[in-house]
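Here is the file entry-v4.cif (mmCIF, C-alpha atoms).
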data_start
loop_
_atom_site.label_atom_id
_atom_site.label_comp_id
_atom_site.auth_asym_id
_atom_site.auth_seq_id
_atom_site.Cartn_x
_atom_site.Cartn_y
_atom_site.Cartn_z
CA MET Z 1 0.00 0.00 0.00
CA ARG Z 2 1.35 3.41 -1.01
CA ILE Z 3 0.33 6.63 0.75
CA GLN Z 4 1.31 10.24 0.19
CA SER Z 5 1.43 11.79 3.64
CA SER Z 6 0.23 15.30 4.42
CA ASN Z 7 3.86 16.45 4.65
CA ASN Z 8 4.43 15.08 1.13
CA ARG Z 9 6.39 11.99 2.03
CA THR Z 10 5.92 8.70 0.23
CA LEU Z 11 4.92 6.04 2.68
CA TYR Z 12 4.65 2.31 1.96
CA ILE Z 13 2.96 -0.14 4.28
CA THR Z 14 3.62 -3.82 3.92
CA CYS Z 15 2.94 -6.87 6.04
CA ARG Z 16 5.79 -9.00 7.32
CA ASP Z 17 4.74 -11.91 5.11
CA SER Z 18 5.09 -9.79 1.96
CA ILE Z 19 8.36 -8.15 2.87
CA ASP Z 20 10.38 -10.24 0.43
CA SER Z 21 8.63 -8.73 -2.58
CA GLU Z 22 8.96 -5.19 -1.18
CA VAL Z 23 12.65 -5.56 -0.39
CA ASP Z 24 13.31 -7.11 -3.78
CA SER Z 25 11.48 -4.28 -5.57
CA ASN Z 26 13.04 -1.01 -6.71
CA LEU Z 27 11.91 0.62 -3.48
CA THR Z 28 14.60 2.49 -1.54
CA PRO Z 29 13.21 2.80 1.97
CA TYR Z 30 15.37 5.40 3.73
CA VAL Z 31 13.32 5.15 6.93
CA VAL Z 32 11.83 1.83 8.08
CA MET Z 33 9.39 1.23 10.91
CA LEU Z 34 9.41 -2.12 12.70
CA THR Z 35 7.16 -3.11 15.58
CA ALA Z 36 7.67 -5.46 18.53
CA TRP Z 37 4.70 -5.67 20.85
CA ILE Z 38 5.58 -9.06 22.35
CA ALA Z 39 8.97 -10.68 22.99
CA THR Z 40 8.60 -13.18 20.16
CA ASP Z 41 8.24 -10.35 17.64
CA VAL Z 42 11.96 -9.58 17.97
CA PRO Z 43 13.36 -12.85 16.55
CA LYS Z 44 10.55 -12.96 13.98
CA ILE Z 45 11.59 -9.57 12.59
CA LEU Z 46 15.29 -10.41 12.58
CA GLN Z 47 14.89 -13.73 10.79
CA GLY Z 48 15.69 -13.97 7.10
CA ASP Z 49 18.49 -11.40 7.27
CA LEU Z 50 15.95 -8.59 6.95
CA VAL Z 51 18.16 -5.91 8.54
CA ARG Z 52 21.07 -6.70 6.23
CA ARG Z 53 18.81 -6.58 3.19
CA LEU Z 54 17.37 -3.24 4.26
CA LEU Z 55 20.85 -1.83 4.87
CA LEU Z 56 21.89 -2.90 1.39
CA LYS Z 57 18.72 -1.28 0.00
CA GLY Z 58 19.69 2.05 1.52
CA THR Z 59 17.80 2.14 4.81
CA ARG Z 60 19.54 4.55 7.19
CA ASN Z 61 16.93 5.09 9.86
CA PHE Z 62 15.17 2.34 11.84
CA VAL Z 63 12.17 3.37 13.94
CA CYS Z 64 11.10 0.71 16.44
CA LEU Z 65 7.66 0.78 18.09
CA GLY Z 66 6.12 -1.39 20.77
CA ALA Z 67 6.70 -2.66 24.29
CA PHE Z 68 9.74 -4.69 23.14
CA SER Z 69 11.09 -2.03 20.81
CA GLU Z 70 14.16 -1.38 22.96
CA GLN Z 71 15.19 -5.03 22.63
CA LEU Z 72 14.59 -4.82 18.89
CA HIS Z 73 16.56 -1.56 18.71
CA ASP Z 74 19.49 -3.13 20.59
CA GLU Z 75 19.49 -6.18 18.32
CA ILE Z 76 19.51 -3.96 15.23
CA ASP Z 77 22.41 -1.95 16.66
CA GLU Z 78 24.29 -5.20 17.35
CA TYR Z 79 23.64 -6.30 13.80
CA ILE Z 80 25.01 -3.01 12.44
CA TYR Z 81 28.17 -3.34 14.59
CA ARG Z 82 28.72 -6.84 13.23
CA PHE Z 83 28.00 -5.64 9.68
CA ASP Z 84 30.68 -2.95 10.04
CA ASP Z 85 33.15 -5.43 11.54
CA GLU Z 86 32.65 -7.89 8.70
CA SER Z 87 32.58 -5.43 5.83
CA GLU Z 88 34.95 -2.82 7.31
CA SER Z 89 32.29 -0.21 6.62
CA GLU Z 90 31.33 2.77 8.78
CA LEU Z 91 27.56 2.45 8.79
CA THR Z 92 27.47 2.96 12.55
CA THR Z 93 28.28 6.61 12.00
CA THR Z 94 25.47 7.18 9.51
CA ILE Z 95 22.57 5.10 10.81
CA LEU Z 96 19.93 6.17 13.28
CA THR Z 97 17.98 3.69 15.36
CA THR Z 98 15.23 4.81 17.71
CA TYR Z 99 12.76 3.05 19.99
CA HIS Z 100 9.49 4.41 21.29
CA ALA Z 101 8.39 1.96 23.98
CA ASP Z 102 7.46 4.74 26.39
CA GLU Z 103 5.44 6.77 23.92
CA SER Z 104 1.90 6.39 22.61
CA ILE Z 105 1.40 4.72 19.25
CA GLU Z 106 0.25 8.08 17.92
CA ASP Z 107 3.49 9.78 19.01
CA GLY Z 108 5.59 6.97 17.54
CA VAL Z 109 3.77 7.23 14.23
CA ASN Z 110 4.11 11.01 14.32
CA TYR Z 111 7.88 10.70 14.80
CA PHE Z 112 8.11 8.23 11.92
CA VAL Z 113 6.19 10.43 9.49
CA CYS Z 114 7.09 13.94 10.69
CA GLY Z 115 10.18 13.75 12.89
CA THR Z 116 12.58 11.78 10.73
CA HIS Z 117 14.97 13.61 8.47
CA PHE Z 118 16.09 12.82 4.94
CA LYS Z 119 19.41 13.90 3.53
CA ASP Z 120 17.75 14.86 0.27
CA LYS Z 121 14.17 15.09 -0.91
CA THR Z 122 14.62 12.52 -3.67
CA SER Z 123 14.94 9.73 -1.11
CA ASN Z 124 11.99 10.60 1.09
CA CYS Z 125 10.55 7.10 1.14
CA LEU Z 126 9.28 5.51 4.33
CA LEU Z 127 8.39 1.85 4.77
CA ALA Z 128 6.35 0.44 7.64
CA ILE Z 129 6.59 -3.33 8.08
CA LEU Z 130 3.61 -4.50 10.08
CA SER Z 131 1.97 -7.73 11.14
CA GLU Z 132 -1.52 -8.45 9.85
CA LYS Z 133 -2.23 -10.49 12.98
CA SER Z 134 -1.43 -7.78 15.51
CA TYR Z 135 -4.20 -5.56 16.86
CA ALA Z 136 -1.65 -2.84 17.75
CA ASP Z 137 -0.23 -2.92 14.24
CA GLY Z 138 -3.77 -2.44 12.96
CA GLU Z 139 -3.89 0.77 14.97
CA VAL Z 140 -0.50 1.81 13.59
CA LYS Z 141 -1.77 1.17 10.08
CA SER Z 142 -4.88 3.30 10.64
CA LEU Z 143 -2.77 6.17 11.94
CA LEU Z 144 -0.37 5.89 9.01
CA GLU Z 145 -3.26 5.93 6.55
CA ALA Z 146 -4.47 9.16 8.12
CA ALA Z 147 -1.02 10.75 8.29
CA MET O 1 19.85 14.64 31.79
CA LEU O 2 20.26 16.49 28.50
CA GLN O 3 23.74 17.83 27.93
CA GLY O 4 25.83 19.50 25.26
CA ASN O 5 24.92 22.15 22.69
CA PHE O 6 21.26 21.51 22.97
CA GLU O 7 18.59 23.84 24.17
CA PRO O 8 15.61 21.94 25.63
CA LEU O 9 12.34 22.85 23.96
CA GLN O 10 10.52 25.71 25.62
CA ILE O 11 7.02 26.21 24.34
CA ASP O 12 4.65 28.80 25.64
CA PRO O 13 0.95 27.90 26.04
CA THR O 14 0.13 29.19 22.55
CA GLY O 15 2.61 26.86 20.87
CA PHE O 16 5.40 29.35 20.24
CA PHE O 17 8.84 28.11 21.03
CA MET O 18 11.16 30.56 22.68
CA GLY O 19 14.79 31.11 21.92
CA GLY O 20 16.92 30.32 18.89
CA ALA O 21 17.18 32.05 15.55
CA GLY O 22 14.03 30.58 14.08
CA LYS O 23 11.54 31.62 16.74
CA GLY O 24 8.02 30.96 15.59
CA LYS O 25 4.90 28.87 15.90
CA LEU O 26 5.38 25.12 15.92
CA THR O 27 2.69 22.74 14.72
CA SER O 28 1.49 20.03 17.07
CA GLN O 29 3.33 17.48 14.90
CA GLN O 30 6.55 19.44 15.27
CA GLN O 31 6.10 19.73 19.03
CA LYS O 32 5.49 15.97 19.30
CA SER O 33 8.48 15.21 17.09
CA ILE O 34 10.73 17.38 19.25
CA ARG O 35 9.50 15.67 22.40
CA SER O 36 10.19 12.27 20.83
CA LEU O 37 13.70 13.39 19.88
CA GLU O 38 14.31 14.72 23.40
CA LYS O 39 13.37 11.29 24.76
CA GLN O 40 15.74 9.62 22.30
CA ILE O 41 18.55 11.92 23.44
CA SER O 42 17.89 11.07 27.07
CA LYS O 43 17.67 7.31 26.44
CA HIS O 44 20.75 7.21 24.22
CA GLU O 45 22.76 9.30 26.69
CA LYS O 46 21.91 6.75 29.35
CA LYS O 47 23.02 3.93 27.04
CA VAL O 48 26.38 5.65 26.44
CA GLN O 49 26.87 6.28 30.14
CA ASP O 50 25.95 2.70 31.05
CA PHE O 51 28.31 1.32 28.42
CA LYS O 52 31.18 3.56 29.48
CA THR O 53 30.63 2.48 33.07
CA ASN O 54 30.39 -1.18 32.16
CA PRO O 55 31.90 -1.83 28.71
CA THR O 56 30.71 -5.27 27.73
CA VAL O 57 32.17 -7.58 25.11
CA ARG O 58 29.88 -8.92 22.43
CA PRO O 59 29.11 -12.65 22.74
CA GLY O 60 31.65 -14.70 20.81
CA MET O 61 34.20 -11.87 20.77
CA GLU O 62 35.75 -12.55 24.19
CA LYS O 63 38.85 -14.24 22.77
CA LEU O 64 39.68 -11.52 20.26
CA PRO O 65 42.80 -9.39 20.81
CA LYS O 66 42.34 -6.58 23.31
CA GLU O 67 42.87 -3.91 20.61
CA VAL O 68 40.07 -5.38 18.47
CA ILE O 69 37.70 -5.45 21.43
CA GLN O 70 38.60 -1.85 22.31
CA LYS O 71 37.99 -0.77 18.72
CA GLN O 72 34.55 -2.40 18.78
CA GLN O 73 33.73 -0.71 22.07
CA GLN O 74 34.86 2.66 20.72
CA ARG O 75 32.69 2.12 17.65
CA ARG O 76 29.67 1.49 19.85
CA VAL O 77 30.25 4.67 21.84
CA LYS O 78 30.84 6.65 18.65
CA HIS O 79 27.61 5.31 17.14
CA LEU O 80 25.55 6.33 20.17
CA GLU O 81 27.22 9.77 20.40
CA THR O 82 26.68 10.37 16.68
CA GLU O 83 23.02 9.47 17.11
CA ILE O 84 22.67 11.90 20.03
CA ASN O 85 24.22 14.72 17.99
CA THR O 86 21.95 13.92 15.06
CA PHE O 87 18.89 14.01 17.31
CA LYS O 88 19.96 17.43 18.57
CA ASN O 89 20.57 18.67 15.04
CA ASN O 90 17.18 17.37 13.94
CA ILE O 91 15.47 19.26 16.76
CA ASN O 92 17.12 22.45 15.55
CA LYS O 93 16.10 21.64 11.96
CA ILE O 94 12.48 21.19 13.05
CA LYS O 95 12.61 24.53 14.88
CA ARG O 96 13.98 26.17 11.74
CA GLY O 97 11.31 24.52 9.59
CA GLU O 98 13.85 22.47 7.65
CA ILE O 99 12.02 19.19 8.23
CA ASP O 100 8.61 18.88 6.56
CA SER O 101 6.28 18.22 9.43
#

Transcribe the structure of this file into structure tokens.
Amino acid sequence: MRIQSSNNRTLYITCRDSIDSEVDSNLTPYVVMLTAWIATDVPKILQGDLVRRLLLKGTRNFVCLGAFSEQLHDEIDEYIYRFDDESESELTTTILTTYHADESIEDGVNYFVCGTHFKDKTSNCLLAILSEKSYADGEVKSLLEAA
Amino acid sequence: MLQGNFEPLQIDPTGFFMGGAGKGKLTSQQQKSIRSLEKQISKHEKKVQDFKTNPTVRPGMEKLPKEVIQKQQQRRVKHLETEINTFKNNINKIKRGEIDS
């Protein structure tokens, strides 16, 4: 699903099960939202080398929402450290990772759509990866659709 | 505790922020974004402080040479400090209207 937000950003919403087709498309998601409402969400999101694939696609800002978003944030940071070690890159100095466990869903969505910053306006693409089975993600989706 | 070259957001009851070169009215989205960024600064500063106090070694890396471990630990601190500076810069960009909110 593609949405043009009120602040003129291009926002894509995809479910976790369809992420392969989105990541393999020509999409360059500069900012990606991931959600972890329960502990088991964290390994589910990290499986399939998703973070690596997003990094290679050009993602430079990970926004984590949910009660377990700090754990997800820390795992993503660990992944980026390992990525830099293995590839001798310096992604750690260019990537932002945030977590919003102590904020309302509305505030987290607001930060994702309005508070993130793009280096240039040609890469203003946001991608939210949500679960179709999660009630909270349904709320996130509704807020994103209205953004 | 927020530190460094960062001026905490001061908003009067009508939504005007006070101080800085770009004084003006902030939208509710901008105000929320700034509050989110302030929280990120606070949380990431705590992470840096905790790590400096207790620098851990990543699992599986314990047997690496000391210099390699130190380099990894420095990278972690640098990453968190870069993030904090970026959050502060982004707050200033929002105040100056340089981020489309």

Kindly determine which residues of chain Z lie within 12 Å of chain O, considering all atoms listed in the file, and give the answer as a PDB file with C-alpha atoms, in the frame of the given file.
ATOM      1  CA  SER Z   5       1.430  11.790   3.640  1.00  0.00           C
ATOM      2  CA  SER Z   6       0.230  15.300   4.420  1.00  0.00           C
ATOM      3  CA  ASN Z   7       3.860  16.450   4.650  1.00  0.00           C
ATOM      4  CA  ASN Z   8       4.430  15.080   1.130  1.00  0.00           C
ATOM      5  CA  ARG Z   9       6.390  11.990   2.030  1.00  0.00           C
ATOM      6  CA  ARG Z  60      19.540   4.550   7.190  1.00  0.00           C
ATOM      7  CA  ASN Z  61      16.930   5.090   9.860  1.00  0.00           C
ATOM      8  CA  PHE Z  62      15.170   2.340  11.840  1.00  0.00           C
ATOM      9  CA  VAL Z  63      12.170   3.370  13.940  1.00  0.00           C
ATOM     10  CA  CYS Z  64      11.100   0.710  16.440  1.00  0.00           C
ATOM     11  CA  GLU Z  70      14.160  -1.380  22.960  1.00  0.00           C
ATOM     12  CA  HIS Z  73      16.560  -1.560  18.710  1.00  0.00           C
ATOM     13  CA  ASP Z  74      19.490  -3.130  20.590  1.00  0.00           C
ATOM     14  CA  GLU Z  75      19.490  -6.180  18.320  1.00  0.00           C
ATOM     15  CA  ASP Z  77      22.410  -1.950  16.660  1.00  0.00           C
ATOM     16  CA  GLU Z  78      24.290  -5.200  17.350  1.00  0.00           C
ATOM     17  CA  TYR Z  79      23.640  -6.300  13.800  1.00  0.00           C
ATOM     18  CA  ILE Z  80      25.010  -3.010  12.440  1.00  0.00           C
ATOM     19  CA  TYR Z  81      28.170  -3.340  14.590  1.00  0.00           C
ATOM     20  CA  ARG Z  82      28.720  -6.840  13.230  1.00  0.00           C
ATOM     21  CA  PHE Z  83      28.000  -5.640   9.680  1.00  0.00           C
ATOM     22  CA  ASP Z  84      30.680  -2.950  10.040  1.00  0.00           C
ATOM     23  CA  ASP Z  85      33.150  -5.430  11.540  1.00  0.00           C
ATOM     24  CA  GLU Z  86      32.650  -7.890   8.700  1.00  0.00           C
ATOM     25  CA  GLU Z  88      34.950  -2.820   7.310  1.00  0.00           C
ATOM     26  CA  SER Z  89      32.290  -0.210   6.620  1.00  0.00           C
ATOM     27  CA  GLU Z  90      31.330   2.770   8.780  1.00  0.00           C
ATOM     28  CA  LEU Z  91      27.560   2.450   8.790  1.00  0.00           C
ATOM     29  CA  THR Z  92      27.470   2.960  12.550  1.00  0.00           C
ATOM     30  CA  THR Z  93      28.280   6.610  12.000  1.00  0.00           C
ATOM     31  CA  THR Z  94      25.470   7.180   9.510  1.00  0.00           C
ATOM     32  CA  ILE Z  95      22.570   5.100  10.810  1.00  0.00           C
ATOM     33  CA  LEU Z  96      19.930   6.170  13.280  1.00  0.00           C
ATOM     34  CA  THR Z  97      17.980   3.690  15.360  1.00  0.00           C
ATOM     35  CA  THR Z  98      15.230   4.810  17.710  1.00  0.00           C
ATOM     36  CA  TYR Z  99      12.760   3.050  19.990  1.00  0.00           C
ATOM     37  CA  HIS Z 100       9.490   4.410  21.290  1.00  0.00           C
ATOM     38  CA  ALA Z 101       8.390   1.960  23.980  1.00  0.00           C
ATOM     39  CA  ASP Z 102       7.460   4.740  26.390  1.00  0.00           C
ATOM     40  CA  GLU Z 103       5.440   6.770  23.920  1.00  0.00           C
ATOM     41  CA  SER Z 104       1.900   6.390  22.610  1.00  0.00           C
ATOM     42  CA  ILE Z 105       1.400   4.720  19.250  1.00  0.00           C
ATOM     43  CA  GLU Z 106       0.250   8.080  17.920  1.00  0.00           C
ATOM     44  CA  ASP Z 107       3.490   9.780  19.010  1.00  0.00           C
ATOM     45  CA  GLY Z 108       5.590   6.970  17.540  1.00  0.00           C
ATOM     46  CA  VAL Z 109       3.770   7.230  14.230  1.00  0.00           C
ATOM     47  CA  ASN Z 110       4.110  11.010  14.320  1.00  0.00           C
ATOM     48  CA  TYR Z 111       7.880  10.700  14.800  1.00  0.00           C
ATOM     49  CA  PHE Z 112       8.110   8.230  11.920  1.00  0.00           C
ATOM     50  CA  VAL Z 113       6.190  10.430   9.490  1.00  0.00           C
ATOM     51  CA  CYS Z 114       7.090  13.940  10.690  1.00  0.00           C
ATOM     52  CA  GLY Z 115      10.180  13.750  12.890  1.00  0.00           C
ATOM     53  CA  THR Z 116      12.580  11.780  10.730  1.00  0.00           C
ATOM     54  CA  HIS Z 117      14.970  13.610   8.470  1.00  0.00           C
ATOM     55  CA  PHE Z 118      16.090  12.820   4.940  1.00  0.00           C
ATOM     56  CA  LYS Z 119      19.410  13.900   3.530  1.00  0.00           C
ATOM     57  CA  ASP Z 120      17.750  14.860   0.270  1.00  0.00           C
ATOM     58  CA  LYS Z 121      14.170  15.090  -0.910  1.00  0.00           C
ATOM     59  CA  ASN Z 124      11.990  10.600   1.090  1.00  0.00           C
ATOM     60  CA  ALA Z 147      -1.020  10.750   8.290  1.00  0.00           C
TER      61      ALA Z 147
END

TODO: Find the distance between atom CA of Ala67 of chain Z and atom CA of Ala39 of chain Z and write it in Å to one decimal.
DONE: 8.4 Å

So for segment 104-112 of chain Z, what box centre and size do we get, axis-aligned, 8 Å extra on each of the six sides, every listed atom, Å to one decimal, as lines of an AutoDock Vina configuration file?
center_x = 4.2
center_y = 7.9
center_z = 17.3
size_x = 23.9
size_y = 22.3
size_z = 26.7

- [ ] Report as a PyMOL selection string the full result of the PyMOL selection byres ((chain Z and resi 126) around 8) when it is applied to this structure.
- [x] chain Z and resi 9-12+29-33+113+124-125+127-128

Open item on the list: Can you measure atom CA of Asn92 of chain O to atom CA of Leu26 of chain O for me? One decimal in Å is fine.
Closed with: 12.0 Å

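From atom CA of Val42 of chain Z back to atom CA of Gly138 of chain Z, the distance works out to 18.0 Å.
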